[in-house]
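Student: Dropping the structure in here first, questions after.
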Amino acid sequence: MYGEGLIKGLRVTLKHFFGPHLTQYYPEERPILPPRFHGFLAFDPENCIVCGLCQTACPNRVISLKSEKGGEDGKKRILTEYVLDFRYCMFCGLCIEACPKGCLKFTHEFEKATYHPDEISQVMFRKKVEE
Amino acid sequence: MSVSTIVFWIIAAVVLGSAISVVTAQNLVHAALFMVLTFFGVSGLYVLLEADFLAVVQILIYVGAIAVLIVFGVMLTQRKGMEETNVSSSHKWVTGILVTILMVGFAYAVTRTPWQVSDHAAPESTVGLIGELMLTRFVIPFEIVGILLLVAVLGAIILTKGARRLP
Amino acid sequence: MTQFAIDNSWLIPFMPALAFIMIVFFLRKAPQASALFSIACIFTSFVLALGVVGGILANPTTTEHSVTWFSMPGVSLEMGTLIDPISGMMVFVVTLIALLVQIYSIGYMENDPGYSTYFAYQSLFAMSMLGLVVSNNFLQMFVFWELVGLCSYLLIGFWFYKHSAREAAKKAFITNRVGDFGFLLGILFLQILFGTLNFTDLADIIPTYTNIGLLTVVALLVFAGPIGKSGQFPLHVWLPDAMEGPTPVSALIHAATMVVAGVYLIARAFFLFVAVPNALMVIAYVGGFTAFFAATIAITQNDIKRILAYSTLSQLGYMVMALGVGGLTASMFHLMTHAFFKALLFLGAGSVIHALHNKQDIWEMGGLAPKMPVTTKTFVIAALALAGIFPLAGFWSKDEILLAALSNGYTGLYLIGTFVAFLTAFYMFRLVFVAFYGEPNPENHPHESPKVMTVPLIVLACLSVVGGLVGMPWLKTNFGSYIYFGEAHHGYSLSIMLTSTLVALAGIYLAYLMYYKKTISAEAIAHRFQPIYKLLYNKYYIDEIYQWFINRVVDGAGRVAYWVDLYVVDGVVNGLANGTKWGGYLVRYLQTGQTQHYGMVLIAAVVVIVILLGLIDPSMGIFAGGGAK
Amino acid sequence: MPRTQELNLNMGPQHPSTHGVFRCVITPDGETVTRVENHIGYLHRGIEKIAESKTYPQFIPYTDRMDYLCSMVYNQGYVETIEKMLGIEVPERAEYIRVIMAELSRIASHLVMVATMAIDLAGTSNWMYCFREREKILDLFEMTCGSRMTFSYMRIGGVAEDLPEEFIPACRKFINEFPEKMNEVHELLTGNEIFQARTKGIGILPPDMAVAYGVTGPNLRASGVPYDVRKNQPYSIYDRFDFKLPVRFNGDCFDRYLLRFDEMEQSCRIIEQALDSLPEGEIKGKVPKMIKIPPGEIYHQVESSKGALGFFLVSDGSNKPYRLHVRGPSFVNMGVFPELAKGWKIQDVISILASLDPVLGEVDR
Amino acid sequence: MELLERLFVNIAGLARTLMAGWSLPNSIIELVVLILGIIAIIGLIIVDAIILVWLERKIAGFIQERPGPNRLGPAGVFQTIADTFKLLGKEDVIPRSADRWVFRLAPPLVFVPAIMLYAVIPFGKDMVPVDLNVGLFYCFSIASLGTMSFLMAGWGSHNKYSLLGGMRTVAQMISYEIPLLLSVLGVVMIVGSLNLSDIVAAQKNVWFIIIQPVAFIIYLIAATAELNRGPFDLPEGEQELVAGVYTEFSGMRWALFFLAEYTNMVATAAIAVTLFFGGWHGPWLPSWMWFFLKVYLIIFFFMVIKWTYPRIRVDHLMHFGWKFLIPLSLANLLLTGVGIEIYRFMRG
Amino acid sequence: MGINVEQPADAKQLLKHNIILTSIEKVLNWGRAHSLWPLTFGIACCAIEMMSTTNSRYDLSRFGSELFRPSPRQADLIIIPGSVNKKLQPLVERVYNQMADPKYVIAMGNCAISGGPYRDSYTVLPGVNTFLPVDVYIPGCPPRPEALIDGVLKLRERIMHPERAVKVSQDEQ
Amino acid sequence: MIITLNHYLLLAAMLFCIGLYAALAKKNAISILMGIELMLNACIINLVAFNRFMAPDMVVGHVFGIFVIALAAAEVAVGLALVLTVYRDLLSVNIDDFNWLKW
């Protein structure tokens, strides 16, 4: 019968009209994120051996690190600065796979909207300069 | 000066003003829109003349259909700039004089004629009366108008679509 | 019930009209549904018709209902129904045959792509025919008269992809126009002379009218209609060709109902014809001649449907002749019985054609009797009825006609009628023996038709057997006591009965000898009477004569007129035009081609004229008091 | 004889119905379209050129961003190309995971197609319902690889991470519920007379024309040509699964639309079978630390949700591709659009474009 | 209850007696009461529009399994007010190539007829602003004025999308006016009056939806098309024509179009209620409450339809109107005539 | 018809003199902040996430922003969801210019912020802030729908309290 | 001051003359159509005014007004169709170009 489809469609919409909502009330209600979620990156400077693998693995030159010779024997490299420029990050996780020490990992943070673009790039570690 | 008198003068001014604007407006679309205003004013006159049904019909058909058609026609035939689209031709002065003479003649005739005015009141509702007249006394004109409209519609369609050549 | 049927007789044509509308607008896509709906509607009409007949039988009076259709001073047109015994009988016959034919068509038309259309046309036809029958005035009758003509046209040309069908449809339509034109003129005369077209009113007025000469003209003009519609002599040519349509159509329209509309019209307007004896005589002789003429053609034809068509012509001639001699009862009686057995014949022929996959030549048939028992039996019954064998239907009605002819002093016509009865029996049994009992044609694989087709045959066969008994002269209230003109009379003549039966049996026997036993060689006779045979075989060359007439006389006249037009009229016109042209050269500079200029001149002229009138002759009152008067 | 002047109607790049930044110029005659011109390149980002400056693994994230609706298949096509060239064995489990992911991706992509088709014909509610279903698939993806759209999940020689434990029950649940939810879409949209009037018999793509223009994927199959890379040149482990190749024969918008549903059904079947026979084991094969491909060239094809996706790789022996060319199905499918849209009404152009389902990220690359 | 029922009538009566106390002439009193009524109606329209915009967004949300606006006020009722303030503060853009006067005049000219429609609608018992003899006809003639304004808007914008949208609007509105009028004529034939109060009074016992279901369905479809809503929103046609006639309008000008759409919707629903749902008749509640209840029910139906169906194609729209709705409404008219005759015949 | 109000920056000077204008300004800003109608303008991957944001699970409409306007004249907010290349740039600029004041820009995703993954590309512009006054940047590739909602809320904050958008120095982190 | 029949008649006459001017002196074919519409309107005003002032009991004038409106509708439909057809061939609506009927 002509018009059957129209009536069926109305039935569906009316069913949903009186049905429950699916919405997650975001700002009040935090989303439940899976453990593997690719949020922004966290860096643990304690274990870093300054091998630079993360820097080479990154496709987009996001990671920049500075180091100096130092330590007890003067041969060990010591991290002085570790900057992640999130403006260029693709959140692919290649750096995390590359890190032999597990210093880098994804966090569950995702709200980083800013009013200024350079606030996005993040200095993860900077050695305090002793005066 | 009763209210209806004031209303009459206002409407008369609107009708004549917009009618003159139809002639003088340089942009054809504006002219057409002024024509709509004229029709509207005329419908107001019908209300004053206690022809409520006719007033409504005037709006429904003149404003709602005829004027729209005309504006449509304007838009279909003019696509670029609309300035200077409503110009008068070279013989406008002759025409003007002719029309003025005619107007004087009309005025003379109207004012000189002693009209026999009846002082009956207009009927309360005209719709029923009109319907009855149309289907009794004027049934043949009514049918003819129907046929005329049909023919006009068919003619318009054939004209615009172009008659298909027979194989 | 009966009273309801009589009071609401408008429903009878309305039901098929409903079917037509429903099929055209809604059911066209569903062939079965349209067939069923159509049949249901016509069945309803049939039931109503039974009610009408019942009412008439109980109380044979005239019931008229009418509403004003349109009126203006001088003319008042009505629409209405008139139910009296004649129309009651007709309503019954038409609905019955239409019902049976429609049922039959389910089987006959199956697998036809135009199935729904066919039923729509059938319904339209039934509506028009029934409308014609119940009409109470000439104009309404004429409207339906034309509608049945239209249906006939549509149905003859139903298989319009066949060239012959298209041509036949056109022929039927055009030929009928000739007669209808006369009919329309007659109606106009009646309206002008008497100011009314109502049958009952006219029946009251006409007998008092004195200008017999004028009335004769009117009557003959009206008779032109039946000549066309009922295929009387000069305009009979369309009917045999009309057999191009589907066979049920031939049965319904071109045998049982539409063609008898002419006869019915004469019967309806009998008061008119009775008033002018000369017209009645013309009718009688036209009918008699047609009966003889068609019958002679029928004996030489080979196409099964054409034989039946000529037979129909012949029988129609009979009916018209009966009317002409004043035997309204006989004519109507024959109309009814003829409807039964002729419809049966056509349906039987259709069954045969259906079984043989559209073969129509009787010489290609043969030996159908054992393969198609029901068809054969019913066909033979019908043939016997047509031949007028006691006690079948045709016997009674034919004798009535012969009796009427003789008792009214038309001895010549009586002799012709008797001879025609002989011819009828002969050609019918020629057909039967050749087609059903002849040598089987090895190419054919005939099979009995399905139930939907045979059941109507059986019903009609029963009617053909018993249908005539209602007119038995020995009954106290027989057919003639309901339908009559003037006063009812009962009479019979054993001698006539005997003669006609013997004559018919002789015809059958002759056919038996010639075509079954083959003791008399048909070929030899044909050879012997070569010129006559050829004349008959070619239907008296009527078609050729018409063709010649049109080619030579009409076209010749046209050529003469053309010459005159070209050299005389055009010469004058061209001369004038040349003069005008030179004049035009002088004044063409006034023509700018600009509409506005013309408009301006027009308005200027109006202004000038008004001013002049106003100034010169104030008494014209242009400026003073137009509204004052 | 002079005729009325033409009106050119510009659709896009900022136009509600075009998918992304596609632009077409329509020349209508009244409401009928007489000419359509494609204008592309508004999203050209030079991905193929970028590939030449990245090492082989580094390019994986960029494949996500070509067809962002069906990224898993792009990942798969790219890594399989390299594996094929290097001759790397991929562990069974990784192959199964790849197939599951690719098919889920296909369902997600088709859902977007159905949704955009609905909203292009102004059926807003249906759009919501389709996206609701897609969200469930995205949840599955997020569970596995952490992202909703740009996964970078496949690695040369396997996949990045194993499936999490809760994945398999969640996936089964989705597969089981899915047909019922699609039924809702059918009731709301497919059976709708207005929708049918706007898609049935519209934009008919005859099979010979489809083949001549190189159309692949569902659009080709809706024209009655049973061609699918998964069946005709089986890659990965597609020859192990029992699935049908849905074909429809009218080649109109409605068939292209319905074929997506048939495909989703078959994808569900594949996923079910893959889940049933998912083996245990390694997820990454033996791969050298530094991937260098010996000089040579290769062409490898997979079936994405839009059609046959091919990677043509030329290597000069270094650790970066010398040249990488992508045969994008949407790009090729779009070629037929001007031809297809000709002669229909302006509104039909919308439904034809929606039924072709182009992704501009991949058309422009 | 009785108090509520007569609330507005009593207020008007009070105003009359008050002014009569000031010994004002009768005509002026009537004028003032009329002006008060107009002010009340305009207030009603604006409140209605605000509620309807909110309702539309809520209903769309509910159908799509989401809550819709819910931040401002309870359940987000003040959302529309925020929108209004924002639109008030928007820049007023007039394109350089547009026809300034036509462009400026179009939005108010769409809105004014929409208000004028309310003049004849009986909102409740004895609550008709102007009791016109040709009320129903007046409604349709006023509604047909909107067509012109859409044409002005489309043409005045000097934009291809606008022009196409305007042409579509006009074609659509002119085509669907015919079935709209024809469908209503059935009711008029039964009542024998064009006066809306008479029509309501005639439905005291039985609503005309029962007698004229086909007419109601035709009316509903044609009215949806006249409103450019639901599956018939071709002139807006955002997928093809960006925003159709509205493309070039910003800020308050656009808001006026929006307002007019909702005003028209209420008016159309009100006419539907008056013609087919017994107007203000109903038990227990005050008459005007019944009236608004019914109106809102019909509006709810309009909204659900809009959020359910895809948009129809323009030539299908025309075919549907001319080849289906008009013949159907004519048939309905014929049947109604026959029915009335039969009824009269039975009554003797 | 509309009340023309200058951009917030210029309004600041007026604030000091005119108290009525201040409160009108406040009311208008409240309206603007709570009814941000975005332009229907999808570019790349982020456009799909933008669409997801409006759907029932995230529901941008709760903040009064679900009315995606197809015509720039009626939109208040243009979300740039993807990379803008040299061919697209004039068009984006034109669309922005067609919008009626006050208008806001959100750069959604890394492509729009800086060219993102395509920093090596020869066609992609290094961020839309090179030619548009961007109000809010939402990093991510693509950002989650929640992140977009967060961005819209931040934009609302900025509209109502322009002073809060003052740049925070890097050192304070 | 009371408005009499003469007022209406004079108003109608003026409207008629303006329409006549438009019909006779305008170059654009559509302007001419508009002029004719004005003239027809003037006629209806006359009909209704006569009806109101001279025979208000009968509504014959109204009936004729309605007939005239129907006539106007037919006239516009055919007139516009003609103009559009000519426009398609000539790309002009200037009445001066429509002069093919000249010898």
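Numbering starts fresh at 1 for the residues of each chain in the structure tokens, the chains themselves are lettered A, B, ... in the order given, and ligands are numbered from 1 as they appear.
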Can you list, as a list of chain:residue names, all residues belonging to stretch 24-115 of chain A that DSSP tags as strand (DSSP E or B)?
Tutor: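 Result set for stretch 24-115 of chain A (strand (DSSP E or B)): A:Leu41, A:Ala42, A:Phe43, A:Ile63, A:Ser64, A:Leu65, A:Lys66, A:Ser67, A:Glu68, A:Lys69, A:Gly70, A:Lys76, A:Arg77, A:Ile78, A:Leu79, A:Thr80, A:Glu81, A:Tyr82, A:Val83, A:Leu84, A:Leu104, A:Lys105, A:Phe106, A:Thr114.
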Student: Go ahead and save the picked residues with C-alpha atoms, as a compact mmCIF listing (two decimals), in the first residue's frame.
Tutor:
# COMPACT_ATOMS: atom_id res chain seq x y z
CA LEU A 41 51.58 12.31 26.28
CA ALA A 42 53.21 12.07 29.66
CA PHE A 43 56.95 11.96 30.06
CA ILE A 63 59.87 15.79 19.85
CA SER A 64 62.83 17.99 20.46
CA LEU A 65 65.28 17.23 23.24
CA LYS A 66 68.44 18.85 24.39
CA SER A 67 71.10 17.15 26.41
CA GLU A 68 74.52 17.78 27.78
CA LYS A 69 77.43 15.58 28.64
CA GLY A 70 77.61 15.02 32.29
CA LYS A 76 76.60 9.97 30.29
CA ARG A 77 74.16 12.20 28.49
CA ILE A 78 71.96 14.17 30.74
CA LEU A 79 68.61 15.49 29.57
CA THR A 80 68.28 19.24 29.83
CA GLU A 81 65.12 19.92 27.90
CA TYR A 82 62.34 17.78 26.49
CA VAL A 83 59.66 19.57 24.46
CA LEU A 84 56.62 18.03 22.78
CA LEU A 104 56.60 8.03 27.36
CA LYS A 105 53.00 7.07 27.76
CA PHE A 106 49.58 8.26 26.79
CA THR A 114 43.46 27.13 24.32
Student: Give me the residues of stretch 34-85 of chain A that have any atom at most 10 Å from an atom of stretch 91-102 of chain A; for each, the nearest atom pair and the distance in Å, rounded to one decimal. Use only C-alpha atoms, sort by chain and number, and format it as a tab-separated table.
Tutor:
residue	atom	partner	partner_atom	distance
A:His38	CA	A:Phe91	CA	6.4
A:Gly39	CA	A:Phe91	CA	7.6
A:Phe40	CA	A:Phe91	CA	7.7
A:Leu41	CA	A:Phe91	CA	8.5
A:Phe43	CA	A:Gly102	CA	9.1
A:Asp44	CA	A:Gly102	CA	8.3
A:Asn47	CA	A:Lys101	CA	6.5
A:Cys48	CA	A:Lys101	CA	6.8
A:Ile49	CA	A:Lys101	CA	7.9
A:Val50	CA	A:Cys99	CA	9.9
A:Cys51	CA	A:Cys99	CA	8.5
A:Gly52	CA	A:Cys99	CA	8.6
A:Leu53	CA	A:Ala98	CA	6.0
A:Cys54	CA	A:Cys95	CA	4.5
A:Gln55	CA	A:Cys95	CA	7.3
A:Thr56	CA	A:Cys95	CA	8.3
A:Ala57	CA	A:Cys95	CA	5.6
A:Cys58	CA	A:Cys95	CA	5.8
A:Pro59	CA	A:Leu94	CA	8.2
A:Val62	CA	A:Cys95	CA	9.9
A:Ile63	CA	A:Cys95	CA	8.9
Student: How many Å separate atom CA of B:Gly96 from atom CA of G:Ala25?
Tutor: 8.2 Å
Student: Which chain G residues have any atom within 9 Å of an atom of chain D, and for each, what is the nearest pair of atoms with distance in Å to one decimal, counting only C-alpha atoms, rows sorted by chain and number, as CSV?
Tutor:
residue,atom,partner,partner_atom,distance
G:Tyr87,CA,D:Thr4,CA,8.4
G:Arg88,CA,D:Arg3,CA,5.9
G:Asp89,CA,D:Pro2,CA,6.5
G:Leu90,CA,D:Pro2,CA,7.1
G:Leu91,CA,D:Thr4,CA,6.9
Student: Can you spit out the residues from that selection as a PDB file, in the first residue's frame, using all heavy atoms?
Tutor:
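This is the output file part-v8.pdb:
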ATOM      1  N   TYR G  87      10.073  36.036 -26.127  1.00  0.00           N
ATOM      2  CA  TYR G  87      11.361  36.335 -25.507  1.00  0.00           C
ATOM      3  C   TYR G  87      12.373  35.239 -25.800  1.00  0.00           C
ATOM      4  O   TYR G  87      13.550  35.494 -26.027  1.00  0.00           O
ATOM      5  CB  TYR G  87      11.171  36.484 -23.999  1.00  0.00           C
ATOM      6  CG  TYR G  87      12.466  36.660 -23.248  1.00  0.00           C
ATOM      7  CD1 TYR G  87      13.169  37.861 -23.308  1.00  0.00           C
ATOM      8  CD2 TYR G  87      12.998  35.636 -22.483  1.00  0.00           C
ATOM      9  CE1 TYR G  87      14.349  38.028 -22.638  1.00  0.00           C
ATOM     10  CE2 TYR G  87      14.186  35.800 -21.808  1.00  0.00           C
ATOM     11  CZ  TYR G  87      14.857  37.007 -21.891  1.00  0.00           C
ATOM     12  OH  TYR G  87      16.038  37.154 -21.228  1.00  0.00           O
ATOM     13  N   ARG G  88      11.918  34.026 -25.827  1.00  0.00           N
ATOM     14  CA  ARG G  88      12.840  32.924 -26.081  1.00  0.00           C
ATOM     15  C   ARG G  88      13.450  33.034 -27.475  1.00  0.00           C
ATOM     16  O   ARG G  88      14.602  32.685 -27.674  1.00  0.00           O
ATOM     17  CB  ARG G  88      12.097  31.603 -25.949  1.00  0.00           C
ATOM     18  CG  ARG G  88      12.583  30.816 -24.753  1.00  0.00           C
ATOM     19  CD  ARG G  88      11.979  29.451 -24.767  1.00  0.00           C
ATOM     20  NE  ARG G  88      11.034  29.322 -23.685  1.00  0.00           N
ATOM     21  CZ  ARG G  88      10.161  28.336 -23.602  1.00  0.00           C
ATOM     22  NH1 ARG G  88      10.097  27.427 -24.537  1.00  0.00           N
ATOM     23  NH2 ARG G  88       9.346  28.258 -22.583  1.00  0.00           N
ATOM     24  N   ASP G  89      12.665  33.511 -28.422  1.00  0.00           N
ATOM     25  CA  ASP G  89      13.200  33.615 -29.771  1.00  0.00           C
ATOM     26  C   ASP G  89      13.980  34.905 -29.984  1.00  0.00           C
ATOM     27  O   ASP G  89      15.011  34.917 -30.640  1.00  0.00           O
ATOM     28  CB  ASP G  89      12.048  33.542 -30.790  1.00  0.00           C
ATOM     29  CG  ASP G  89      11.544  32.124 -30.923  1.00  0.00           C
ATOM     30  OD1 ASP G  89      12.254  31.231 -30.446  1.00  0.00           O
ATOM     31  OD2 ASP G  89      10.466  31.927 -31.477  1.00  0.00           O
ATOM     32  N   LEU G  90      13.479  35.994 -29.441  1.00  0.00           N
ATOM     33  CA  LEU G  90      14.070  37.296 -29.734  1.00  0.00           C
ATOM     34  C   LEU G  90      15.033  37.765 -28.673  1.00  0.00           C
ATOM     35  O   LEU G  90      15.785  38.696 -28.896  1.00  0.00           O
ATOM     36  CB  LEU G  90      12.952  38.334 -29.847  1.00  0.00           C
ATOM     37  CG  LEU G  90      12.189  38.406 -31.150  1.00  0.00           C
ATOM     38  CD1 LEU G  90      11.249  39.581 -31.097  1.00  0.00           C
ATOM     39  CD2 LEU G  90      13.136  38.565 -32.308  1.00  0.00           C
ATOM     40  N   LEU G  91      14.985  37.157 -27.499  1.00  0.00           N
ATOM     41  CA  LEU G  91      15.733  37.643 -26.334  1.00  0.00           C
ATOM     42  C   LEU G  91      15.406  39.104 -26.056  1.00  0.00           C
ATOM     43  O   LEU G  91      16.281  39.891 -25.708  1.00  0.00           O
ATOM     44  CB  LEU G  91      17.230  37.471 -26.545  1.00  0.00           C
ATOM     45  CG  LEU G  91      17.776  36.097 -26.171  1.00  0.00           C
ATOM     46  CD1 LEU G  91      19.275  36.099 -26.264  1.00  0.00           C
ATOM     47  CD2 LEU G  91      17.329  35.710 -24.793  1.00  0.00           C
TER      48      LEU G  91
END
Student: Please list as an MDAnalysis selection string every residue within 9 Å of A:Gln122, counting only C-alpha atoms and excluding residues in the same chain fewer than 2 positions away.
Tutor: (chainID A and resid 82:86 118:120 124:125) or (chainID F and resid 170)
Student: Residues within 10 Å of stretch 26-28 of chain D, please, as number ranges by chain. Count only C-alpha atoms; anything in the same chain fewer than 3 positions from it doesn't count.
Tutor: D: 6-11, 23, 31-38, 338, 341-346, 349
Student: For the selection just defined, write its residues with N, CA, C and O atoms to a file, as an mmCIF file, in the first residue's frame.
Tutor:
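Final output, saved to selection_7.cif:
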data_model
loop_
_atom_site.group_PDB
_atom_site.id
_atom_site.type_symbol
_atom_site.label_atom_id
_atom_site.label_comp_id
_atom_site.auth_asym_id
_atom_site.auth_seq_id
_atom_site.Cartn_x
_atom_site.Cartn_y
_atom_site.Cartn_z
ATOM 1 N N GLU D 6 22.709 30.927 -20.059
ATOM 2 C CA GLU D 6 22.846 29.828 -19.107
ATOM 3 C C GLU D 6 23.060 30.354 -17.705
ATOM 4 O O GLU D 6 23.601 31.434 -17.501
ATOM 5 N N LEU D 7 22.653 29.540 -16.776
ATOM 6 C CA LEU D 7 22.875 29.856 -15.372
ATOM 7 C C LEU D 7 23.815 28.785 -14.843
ATOM 8 O O LEU D 7 23.579 27.600 -15.027
ATOM 9 N N ASN D 8 24.901 29.199 -14.257
ATOM 10 C CA ASN D 8 25.807 28.213 -13.675
ATOM 11 C C ASN D 8 25.615 28.197 -12.177
ATOM 12 O O ASN D 8 25.691 29.234 -11.523
ATOM 13 N N LEU D 9 25.374 27.033 -11.656
ATOM 14 C CA LEU D 9 25.147 26.905 -10.225
ATOM 15 C C LEU D 9 26.368 26.245 -9.623
ATOM 16 O O LEU D 9 26.815 25.200 -10.074
ATOM 17 N N ASN D 10 26.888 26.899 -8.606
ATOM 18 C CA ASN D 10 28.120 26.429 -8.009
ATOM 19 C C ASN D 10 27.798 25.665 -6.742
ATOM 20 O O ASN D 10 27.165 26.192 -5.841
ATOM 21 N N MET D 11 28.208 24.429 -6.686
ATOM 22 C CA MET D 11 27.974 23.661 -5.457
ATOM 23 C C MET D 11 29.301 23.389 -4.810
ATOM 24 O O MET D 11 30.132 22.695 -5.364
ATOM 25 N N ARG D 23 33.759 20.436 -5.068
ATOM 26 C CA ARG D 23 33.029 21.522 -5.715
ATOM 27 C C ARG D 23 32.605 21.050 -7.088
ATOM 28 O O ARG D 23 33.398 20.467 -7.824
ATOM 29 N N GLU D 31 15.043 22.953 -14.021
ATOM 30 C CA GLU D 31 15.534 22.158 -12.895
ATOM 31 C C GLU D 31 16.411 21.007 -13.377
ATOM 32 O O GLU D 31 16.961 20.266 -12.581
ATOM 33 N N THR D 32 16.516 20.834 -14.671
ATOM 34 C CA THR D 32 17.258 19.689 -15.194
ATOM 35 C C THR D 32 18.717 20.064 -15.409
ATOM 36 O O THR D 32 19.038 21.144 -15.883
ATOM 37 N N VAL D 33 19.571 19.144 -15.057
ATOM 38 C CA VAL D 33 21.002 19.402 -15.149
ATOM 39 C C VAL D 33 21.477 19.025 -16.546
ATOM 40 O O VAL D 33 21.216 17.925 -17.025
ATOM 41 N N THR D 34 22.153 19.968 -17.208
ATOM 42 C CA THR D 34 22.670 19.618 -18.528
ATOM 43 C C THR D 34 24.164 19.357 -18.501
ATOM 44 O O THR D 34 24.672 18.632 -19.340
ATOM 45 N N ARG D 35 24.872 19.964 -17.578
ATOM 46 C CA ARG D 35 26.308 19.736 -17.533
ATOM 47 C C ARG D 35 26.784 19.832 -16.095
ATOM 48 O O ARG D 35 26.313 20.671 -15.328
ATOM 49 N N VAL D 36 27.717 18.962 -15.744
ATOM 50 C CA VAL D 36 28.322 19.017 -14.416
ATOM 51 C C VAL D 36 29.825 18.984 -14.603
ATOM 52 O O VAL D 36 30.337 18.240 -15.432
ATOM 53 N N GLU D 37 30.506 19.821 -13.852
ATOM 54 C CA GLU D 37 31.971 19.810 -13.912
ATOM 55 C C GLU D 37 32.506 19.557 -12.518
ATOM 56 O O GLU D 37 32.101 20.211 -11.560
ATOM 57 N N ASN D 38 33.429 18.640 -12.419
ATOM 58 C CA ASN D 38 34.063 18.383 -11.125
ATOM 59 C C ASN D 38 35.212 19.346 -10.910
ATOM 60 O O ASN D 38 35.989 19.611 -11.823
ATOM 61 N N PRO D 338 30.203 13.365 -13.316
ATOM 62 C CA PRO D 338 29.595 14.317 -14.270
ATOM 63 C C PRO D 338 28.727 13.613 -15.299
ATOM 64 O O PRO D 338 27.662 14.104 -15.675
ATOM 65 N N ALA D 341 25.453 12.396 -13.510
ATOM 66 C CA ALA D 341 24.486 13.391 -13.023
ATOM 67 C C ALA D 341 23.781 14.097 -14.164
ATOM 68 O O ALA D 341 22.802 14.792 -13.950
ATOM 69 N N LYS D 342 24.283 13.931 -15.362
ATOM 70 C CA LYS D 342 23.716 14.653 -16.493
ATOM 71 C C LYS D 342 22.276 14.197 -16.747
ATOM 72 O O LYS D 342 21.993 13.006 -16.749
ATOM 73 N N GLY D 343 21.410 15.130 -16.997
ATOM 74 C CA GLY D 343 20.044 14.791 -17.377
ATOM 75 C C GLY D 343 19.100 14.588 -16.214
ATOM 76 O O GLY D 343 17.927 14.357 -16.416
ATOM 77 N N TRP D 344 19.600 14.668 -14.989
ATOM 78 C CA TRP D 344 18.684 14.530 -13.840
ATOM 79 C C TRP D 344 18.398 15.899 -13.275
ATOM 80 O O TRP D 344 18.935 16.900 -13.695
ATOM 81 N N LYS D 345 17.525 15.918 -12.280
ATOM 82 C CA LYS D 345 17.162 17.172 -11.652
ATOM 83 C C LYS D 345 18.258 17.605 -10.673
ATOM 84 O O LYS D 345 19.093 16.804 -10.277
ATOM 85 N N ILE D 346 18.209 18.884 -10.308
ATOM 86 C CA ILE D 346 19.249 19.386 -9.404
ATOM 87 C C ILE D 346 19.254 18.579 -8.118
ATOM 88 O O ILE D 346 20.314 18.224 -7.592
ATOM 89 N N VAL D 349 21.107 15.347 -8.290
ATOM 90 C CA VAL D 349 22.563 15.411 -8.229
ATOM 91 C C VAL D 349 23.019 15.116 -6.814
ATOM 92 O O VAL D 349 24.005 14.408 -6.585
#
Student: Which chain A residues are at most 6 Å from chain F (counting only C-alpha atoms), as a PyMOL selection string?
Tutor: chain A and resi 22-24+87-88+90+111+113-115
Student: What does the distance from atom CA of B:Glu132 to atom CA of E:Ser193 come to in Å, to one decimal?
Tutor: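 Between atom CA of B:Glu132 and atom CA of E:Ser193 the gap is 13.6 Å.
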